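Text of the file structure_16.cif, holding mmCIF, C-alpha atoms, pLDDT in the B column; chains and numbers go by the auth columns:
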```cif
data_upload
loop_
_atom_site.group_PDB
_atom_site.id
_atom_site.type_symbol
_atom_site.label_atom_id
_atom_site.label_comp_id
_atom_site.label_asym_id
_atom_site.label_seq_id
_atom_site.Cartn_x
_atom_site.Cartn_y
_atom_site.Cartn_z
_atom_site.B_iso_or_equiv
_atom_site.auth_seq_id
_atom_site.auth_asym_id
ATOM 1 C CA MET A 1 144.651 79.408 -11.022 70.00 1 H
ATOM 2 C CA ALA A 2 141.090 79.539 -9.831 76.00 2 H
ATOM 3 C CA THR A 3 140.205 82.545 -7.715 85.00 3 H
ATOM 4 C CA GLN A 4 139.250 81.617 -4.189 88.00 4 H
ATOM 5 C CA LEU A 5 137.333 83.604 -1.620 88.00 5 H
ATOM 6 C CA LEU A 6 139.330 84.092 1.575 90.00 6 H
ATOM 7 C CA PRO A 7 137.432 83.754 4.879 89.00 7 H
ATOM 8 C CA LEU A 8 137.765 87.442 5.762 90.00 8 H
ATOM 9 C CA GLU A 9 136.630 88.386 2.252 91.00 9 H
ATOM 10 C CA LEU A 10 133.445 86.441 2.904 91.00 10 H
ATOM 11 C CA ILE A 11 132.880 88.559 6.026 92.00 11 H
ATOM 12 C CA ASP A 12 133.698 91.695 4.045 93.00 12 H
ATOM 13 C CA ARG A 13 130.882 90.825 1.653 92.00 13 H
ATOM 14 C CA CYS A 14 128.481 90.776 4.613 93.00 14 H
ATOM 15 C CA VAL A 15 129.190 94.386 5.611 95.00 15 H
ATOM 16 C CA GLY A 16 125.882 96.250 5.562 95.00 16 H
ATOM 17 C CA SER A 17 123.717 93.143 5.827 95.00 17 H
ATOM 18 C CA ARG A 18 122.235 91.102 8.655 96.00 18 H
ATOM 19 C CA ILE A 19 124.349 88.338 10.160 96.00 19 H
ATOM 20 C CA SER A 20 124.075 85.901 13.027 96.00 20 H
ATOM 21 C CA VAL A 21 127.098 85.447 15.264 96.00 21 H
ATOM 22 C CA ILE A 22 127.357 82.218 17.220 95.00 22 H
ATOM 23 C CA MET A 23 129.701 82.493 20.179 95.00 23 H
ATOM 24 C CA LYS A 24 131.662 79.849 22.015 93.00 24 H
ATOM 25 C CA GLY A 25 129.210 78.680 24.651 88.00 25 H
ATOM 26 C CA ASP A 26 125.458 79.184 24.510 87.00 26 H
ATOM 27 C CA LYS A 27 125.249 82.693 23.203 94.00 27 H
ATOM 28 C CA GLU A 28 124.258 84.284 19.907 95.00 28 H
ATOM 29 C CA PHE A 29 123.997 87.753 18.442 96.00 29 H
ATOM 30 C CA SER A 30 122.196 88.907 15.338 96.00 30 H
ATOM 31 C CA GLY A 31 122.558 92.354 13.832 97.00 31 H
ATOM 32 C CA THR A 32 123.631 94.454 10.882 97.00 32 H
ATOM 33 C CA LEU A 33 127.380 94.187 10.307 97.00 33 H
ATOM 34 C CA GLN A 34 128.934 97.656 10.126 96.00 34 H
ATOM 35 C CA GLY A 35 132.590 96.660 10.147 96.00 35 H
ATOM 36 C CA PHE A 36 135.231 94.326 11.524 96.00 36 H
ATOM 37 C CA ASP A 37 138.981 94.018 11.968 94.00 37 H
ATOM 38 C CA ASP A 38 141.604 91.278 11.580 93.00 38 H
ATOM 39 C CA PHE A 39 140.663 89.812 14.994 93.00 39 H
ATOM 40 C CA VAL A 40 137.035 89.572 13.803 95.00 40 H
ATOM 41 C CA ASN A 41 136.032 92.131 16.406 96.00 41 H
ATOM 42 C CA MET A 42 132.774 93.397 14.923 96.00 42 H
ATOM 43 C CA VAL A 43 130.670 96.547 14.995 97.00 43 H
ATOM 44 C CA LEU A 44 127.004 95.503 14.887 97.00 44 H
ATOM 45 C CA GLU A 45 123.876 97.652 14.707 96.00 45 H
ATOM 46 C CA ASP A 46 120.280 96.893 15.788 96.00 46 H
ATOM 47 C CA VAL A 47 121.509 93.892 17.728 96.00 47 H
ATOM 48 C CA THR A 48 119.567 91.157 19.473 96.00 48 H
ATOM 49 C CA GLU A 49 121.476 89.141 22.050 96.00 49 H
ATOM 50 C CA TYR A 50 120.226 85.626 22.770 95.00 50 H
ATOM 51 C CA ASP A 51 121.446 83.863 25.901 90.00 51 H
ATOM 52 C CA TYR A 52 121.292 80.191 26.881 86.00 52 H
ATOM 53 C CA SER A 53 117.734 80.515 28.232 89.00 53 H
ATOM 54 C CA GLY A 54 116.486 82.102 25.013 87.00 54 H
ATOM 55 C CA ALA A 55 116.102 85.508 26.654 91.00 55 H
ATOM 56 C CA GLN A 56 116.561 88.365 24.195 93.00 56 H
ATOM 57 C CA THR A 57 118.255 91.703 24.768 93.00 57 H
ATOM 58 C CA LYS A 58 118.057 94.511 22.219 95.00 58 H
ATOM 59 C CA LEU A 59 121.144 96.699 21.773 95.00 59 H
ATOM 60 C CA PRO A 60 121.373 99.680 19.395 96.00 60 H
ATOM 61 C CA LYS A 61 125.080 99.472 18.482 96.00 61 H
ATOM 62 C CA ILE A 62 127.888 97.351 19.890 96.00 62 H
ATOM 63 C CA LEU A 63 131.520 96.445 19.474 97.00 63 H
ATOM 64 C CA LEU A 64 131.643 92.680 19.888 97.00 64 H
ATOM 65 C CA ASN A 65 134.931 91.162 21.043 96.00 65 H
ATOM 66 C CA GLY A 66 136.120 88.613 18.468 95.00 66 H
ATOM 67 C CA ASN A 67 137.787 86.463 21.103 94.00 67 H
ATOM 68 C CA ASN A 68 134.742 84.270 21.763 94.00 68 H
ATOM 69 C CA VAL A 69 133.292 84.252 18.261 96.00 69 H
ATOM 70 C CA CYS A 70 132.768 80.764 16.862 95.00 70 H
ATOM 71 C CA MET A 71 130.761 81.125 13.660 94.00 71 H
ATOM 72 C CA LEU A 72 129.180 83.762 11.442 94.00 72 H
ATOM 73 C CA ILE A 73 126.017 83.106 9.448 94.00 73 H
ATOM 74 C CA PRO A 74 125.464 85.587 6.596 92.00 74 H
ATOM 75 C CA GLY A 75 121.833 86.637 6.327 87.00 75 H
ATOM 76 C CA GLY A 76 121.061 85.507 9.861 76.00 76 H
ATOM 77 C CA LEU A 77 119.236 82.448 11.093 69.00 77 H
ATOM 78 C CA PRO A 78 115.575 81.898 10.174 65.00 78 H
ATOM 79 C CA GLU A 79 113.122 83.536 12.604 62.00 79 H
ATOM 80 C CA GLY A 80 112.518 81.410 15.697 59.00 80 H
ATOM 81 C CA ASP A 81 115.655 79.373 15.113 60.00 81 H
ATOM 82 C CA GLU A 82 117.829 81.273 17.549 52.00 82 H
ATOM 83 C CA ALA A 83 119.134 80.067 20.921 49.00 83 H
ATOM 84 C CA MET B 1 145.873 89.128 -2.416 44.00 1 R
ATOM 85 C CA SER B 2 145.602 92.148 -0.127 42.00 2 R
ATOM 86 C CA ALA B 3 144.170 92.045 3.374 42.00 3 R
ATOM 87 C CA PRO B 4 140.405 92.347 2.906 44.00 4 R
ATOM 88 C CA ALA B 5 139.658 93.714 6.367 42.00 5 R
ATOM 89 C CA GLN B 6 141.520 96.964 5.788 44.00 6 R
ATOM 90 C CA THR B 7 139.598 99.874 4.370 44.00 7 R
ATOM 91 C CA PRO B 8 141.423 101.996 1.789 44.00 8 R
ATOM 92 C CA ASN B 9 141.322 105.052 4.027 44.00 9 R
ATOM 93 C CA GLY B 10 142.574 103.104 7.058 45.00 10 R
ATOM 94 C CA ALA B 11 141.345 103.675 10.616 51.00 11 R
ATOM 95 C CA GLY B 12 138.898 106.370 11.590 56.00 12 R
ATOM 96 C CA ASP B 13 135.927 105.029 9.663 72.00 13 R
ATOM 97 C CA ALA B 14 133.099 104.923 12.215 67.00 14 R
ATOM 98 C CA ARG B 15 131.985 101.565 10.832 80.00 15 R
ATOM 99 C CA ASP B 16 135.235 99.883 11.821 89.00 16 R
ATOM 100 C CA PRO B 17 135.963 98.811 15.417 92.00 17 R
ATOM 101 C CA SER B 18 138.581 101.529 15.990 91.00 18 R
ATOM 102 C CA GLY B 19 136.389 104.196 14.416 92.00 19 R
ATOM 103 C CA PHE B 20 133.411 103.135 16.489 93.00 20 R
ATOM 104 C CA LEU B 21 135.483 103.358 19.666 92.00 21 R
ATOM 105 C CA SER B 22 136.733 106.865 18.963 91.00 22 R
ATOM 106 C CA GLU B 23 133.139 107.847 18.174 92.00 23 R
ATOM 107 C CA ILE B 24 131.761 106.733 21.557 94.00 24 R
ATOM 108 C CA ILE B 25 134.513 108.138 23.827 95.00 25 R
ATOM 109 C CA GLY B 26 132.823 110.271 26.488 95.00 26 R
ATOM 110 C CA ALA B 27 129.414 108.721 25.860 96.00 27 R
ATOM 111 C CA PRO B 28 127.407 106.530 28.251 97.00 28 R
ATOM 112 C CA VAL B 29 128.094 102.877 27.485 97.00 29 R
ATOM 113 C CA THR B 30 127.229 99.383 28.662 96.00 30 R
ATOM 114 C CA VAL B 31 130.120 96.951 28.949 97.00 31 R
ATOM 115 C CA LYS B 32 129.253 93.279 29.295 96.00 32 R
ATOM 116 C CA LEU B 33 131.873 90.831 30.519 96.00 33 R
ATOM 117 C CA ASN B 34 132.097 87.149 29.650 94.00 34 R
ATOM 118 C CA SER B 35 130.907 86.378 33.199 93.00 35 R
ATOM 119 C CA GLY B 36 127.621 88.175 32.467 92.00 36 R
ATOM 120 C CA VAL B 37 128.341 91.074 34.795 95.00 37 R
ATOM 121 C CA VAL B 38 127.462 94.437 33.255 96.00 38 R
ATOM 122 C CA TYR B 39 129.175 97.768 33.861 97.00 39 R
ATOM 123 C CA LYS B 40 127.403 100.971 32.891 97.00 40 R
ATOM 124 C CA GLY B 41 129.244 104.249 32.869 97.00 41 R
ATOM 125 C CA GLU B 42 130.770 107.043 30.900 97.00 42 R
ATOM 126 C CA LEU B 43 133.501 105.748 28.582 96.00 43 R
ATOM 127 C CA GLN B 44 136.734 107.553 29.375 96.00 44 R
ATOM 128 C CA SER B 45 139.091 105.601 27.134 95.00 45 R
ATOM 129 C CA VAL B 46 139.726 102.271 25.385 93.00 46 R
ATOM 130 C CA ASP B 47 142.851 100.741 23.885 92.00 47 R
ATOM 131 C CA GLY B 48 143.617 98.017 21.370 88.00 48 R
ATOM 132 C CA TYR B 49 143.259 95.293 24.019 91.00 49 R
ATOM 133 C CA MET B 50 139.742 96.557 24.813 93.00 50 R
ATOM 134 C CA ASN B 51 141.022 97.627 28.228 95.00 51 R
ATOM 135 C CA ILE B 52 138.425 100.142 29.326 96.00 52 R
ATOM 136 C CA ALA B 53 138.374 103.100 31.703 97.00 53 R
ATOM 137 C CA LEU B 54 134.899 104.094 32.920 97.00 54 R
ATOM 138 C CA GLU B 55 133.621 106.978 35.035 97.00 55 R
ATOM 139 C CA GLN B 56 130.550 106.996 37.295 96.00 56 R
ATOM 140 C CA THR B 57 130.357 103.243 36.935 96.00 57 R
ATOM 141 C CA LYS B 58 127.440 101.097 38.016 96.00 58 R
ATOM 142 C CA GLU B 59 128.000 97.355 38.423 97.00 59 R
ATOM 143 C CA VAL B 60 124.834 95.500 37.376 96.00 60 R
ATOM 144 C CA VAL B 61 124.321 91.816 38.251 94.00 61 R
ATOM 145 C CA ASP B 62 121.084 90.091 37.180 90.00 62 R
ATOM 146 C CA GLY B 63 119.563 93.464 36.325 88.00 63 R
ATOM 147 C CA LYS B 64 120.219 94.938 39.784 93.00 64 R
ATOM 148 C CA VAL B 65 122.817 97.586 40.633 94.00 65 R
ATOM 149 C CA ARG B 66 125.314 95.970 43.030 94.00 66 R
ATOM 150 C CA ARG B 67 127.938 98.650 43.505 95.00 67 R
ATOM 151 C CA THR B 68 128.998 101.994 42.152 96.00 68 R
ATOM 152 C CA TYR B 69 132.510 103.231 41.415 95.00 69 R
ATOM 153 C CA GLY B 70 133.780 106.712 40.626 95.00 70 R
ATOM 154 C CA ASP B 71 136.460 105.367 38.334 94.00 71 R
ATOM 155 C CA ALA B 72 136.897 101.816 37.075 95.00 72 R
ATOM 156 C CA PHE B 73 139.384 99.983 34.908 97.00 73 R
ATOM 157 C CA VAL B 74 138.251 96.818 33.125 96.00 74 R
ATOM 158 C CA ARG B 75 140.907 94.502 31.696 97.00 75 R
ATOM 159 C CA GLY B 76 140.174 93.836 28.041 95.00 76 R
ATOM 160 C CA ASN B 77 140.293 90.033 28.045 95.00 77 R
ATOM 161 C CA ASN B 78 137.080 89.931 30.125 96.00 78 R
ATOM 162 C CA VAL B 79 135.066 92.113 27.766 97.00 79 R
ATOM 163 C CA MET B 80 132.392 90.491 25.619 97.00 80 R
ATOM 164 C CA TYR B 81 130.979 93.675 24.138 97.00 81 R
ATOM 165 C CA ILE B 82 130.839 97.442 24.452 97.00 82 R
ATOM 166 C CA SER B 83 127.425 98.894 23.671 96.00 83 R
ATOM 167 C CA ALA B 84 126.682 102.569 23.049 94.00 84 R
ATOM 168 C CA ASP B 85 123.605 103.487 25.098 91.00 85 R
ATOM 169 C CA SER B 86 120.980 105.201 22.972 79.00 86 R
#
```
Would you mind giving the structure from this file in structure tokens?
Amino acid sequence: MATQLLPLELIDRCVGSRISVIMKGDKEFSGTLQGFDDFVNMVLEDVTEYDYSGAQTKLPKILLNGNNVCMLIPGGLPEGDEA
Amino acid sequence: MSAPAQTPNGAGDARDPSGFLSEIIGAPVTVKLNSGVVYKGELQSVDGYMNIALEQTKEVVDGKVRRTYGDAFVRGNNVMYISADS
């Protein structure tokens, strides 16, 4: 049987690298993934929060609730592509 | 296949959500709710639902302090993120 990569294993491979998190609704976060749990709650470092207007907020270290997470982009979005 | 999210040494690793939380207990934090309202205060405790108890809490709306509370409980379902203030 061919080995397949489970979704959470894909996230596990991103630990230590930059990711973009796209939330339900017009919000995005990008930061360095430190860790996560089975709910996809995530610890992110050196975070930039982008809101619907494109305004950016810098945050040193956060625990992001997985409840409103929609999509994760390993490596982050290209510069200027956010929000 | 084992659960990939679990670390071999279990909880307590500061990189994991539960480890991060135990690391920032007692520290000044910023809690942002899904509504956009921000609460800044000293983190007294958190549980697995992300229910939060804060001390010396400031309620910040649109960057302005609206109210202050000595003690405040925030129900976890409203929490978007908990940020450790640097």
Check: Between atom CA of H:Cys14 and atom CA of H:Glu45, what is the spacing in Å?
Finding: 13.1 Å
Item checked: Residues near stretch 29-42 of chain R, cut-off 9 Å, only C-alpha atoms, skip fewer than 2 positions along chain, as a PyMOL selection string -> (chain H and resi 68) or (chain R and resi 24-27+44+52-63+77-86)
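Here atom CA of H:Gln4 and atom CA of H:Gly16 stand 22.1 Å from one another.
Put simply, the PyMOL selection byres ((chain H and resi 8) around 10) on this file hits Leu5, Leu6, Pro7, Glu9, Leu10, Ile11, Asp12, Arg13, Cys14, Phe36, Asp37, Asp38, Phe39 and Val40 of chain H; Ala3, Pro4 and Ala5 of chain R.
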Margin query: Can you spell out as a count of residues only the set of residues that the PyMOL selection byres ((chain H and resi 49-57) around 8) selects in the structure I just provided?
Written below: 11
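Across the structure, atom CA of H:Val15 and atom CA of R:Arg75 are spaced 28.6 Å apart.
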Margin query: Could you list, as a PyMOL selection string, every residue matched by the PyMOL selection byres ((chain H) within 6 of (chain R)) in this structure?
Written below: chain H and resi 9+34-37+43+61-65
